[in-house]
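Reading through the structure tokens given below for one structure.
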Amino acid sequence: MDVAHEISLLVEEIQRLGSKNASGQTSVKFGVLFNDDRCANIFEALVGTLKAAKKRKVISFQSELLLQGVHDDVDIVLLQE
């Protein structure tokens, strides 16, 4: 799978699992995304896809690195719907 396709799938999953924040942007907690069975089946390397999407300014999150458990409460914010 190419990166652009994986990022588009990630956007779909964030829209499916997330909710609108106060700014009207869709956001989801990393733990929700990481622990979702459908996401686990789609993404071989979820963190890698998140980093690629952040680099392309599709999403935003406050941490440099995302680790299961430690960063479950980090918001992943969708910048491009």
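For the structure tokens, the naming scheme is as follows: chains receive sequential letters (A, B, ...) according to their order of presentation, residues are indexed from 1 within each chain, and ligands are indexed from 1 in presentation order.
DSSP annotation of chain A from backbone atoms: strand (DSSP E) residues are Ser19, Lys20, Thr26, Ser27, Val28, Lys29, Ile59, Ser60, Asp75, Ile76, Val77 and Leu78 of chain A.
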Exercise. Tell me, as a ChimeraX atom specification, which residues lie within 10 Å of A:Thr49, counting only C-alpha atoms; anything in the same chain fewer than 4 positions away does not count.
Key: /A:3-4,6-7,9-10,43-45,53-55
Practice problem: Can you pull out every residue within 9 Å of stretch 72-79 of chain A, counting only C-alpha atoms, but drop anything in the same chain fewer than 2 positions away, and send it as a list in words? | Solution: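 Near stretch 72-79 of chain A, the qualifying residues are Val11, Ile14, Gln15, Gly18, Asn21, Gln25, Thr26, Ser27, Val28, Lys29, Phe30, Gly31, Val32, Leu33, Phe34, Leu50, Lys57, Val58, Ile59, Ser60, Phe61, Gln62, Ser63, Leu66, Leu67, Gln68, Gly69, Val70 and Glu81 of chain A.
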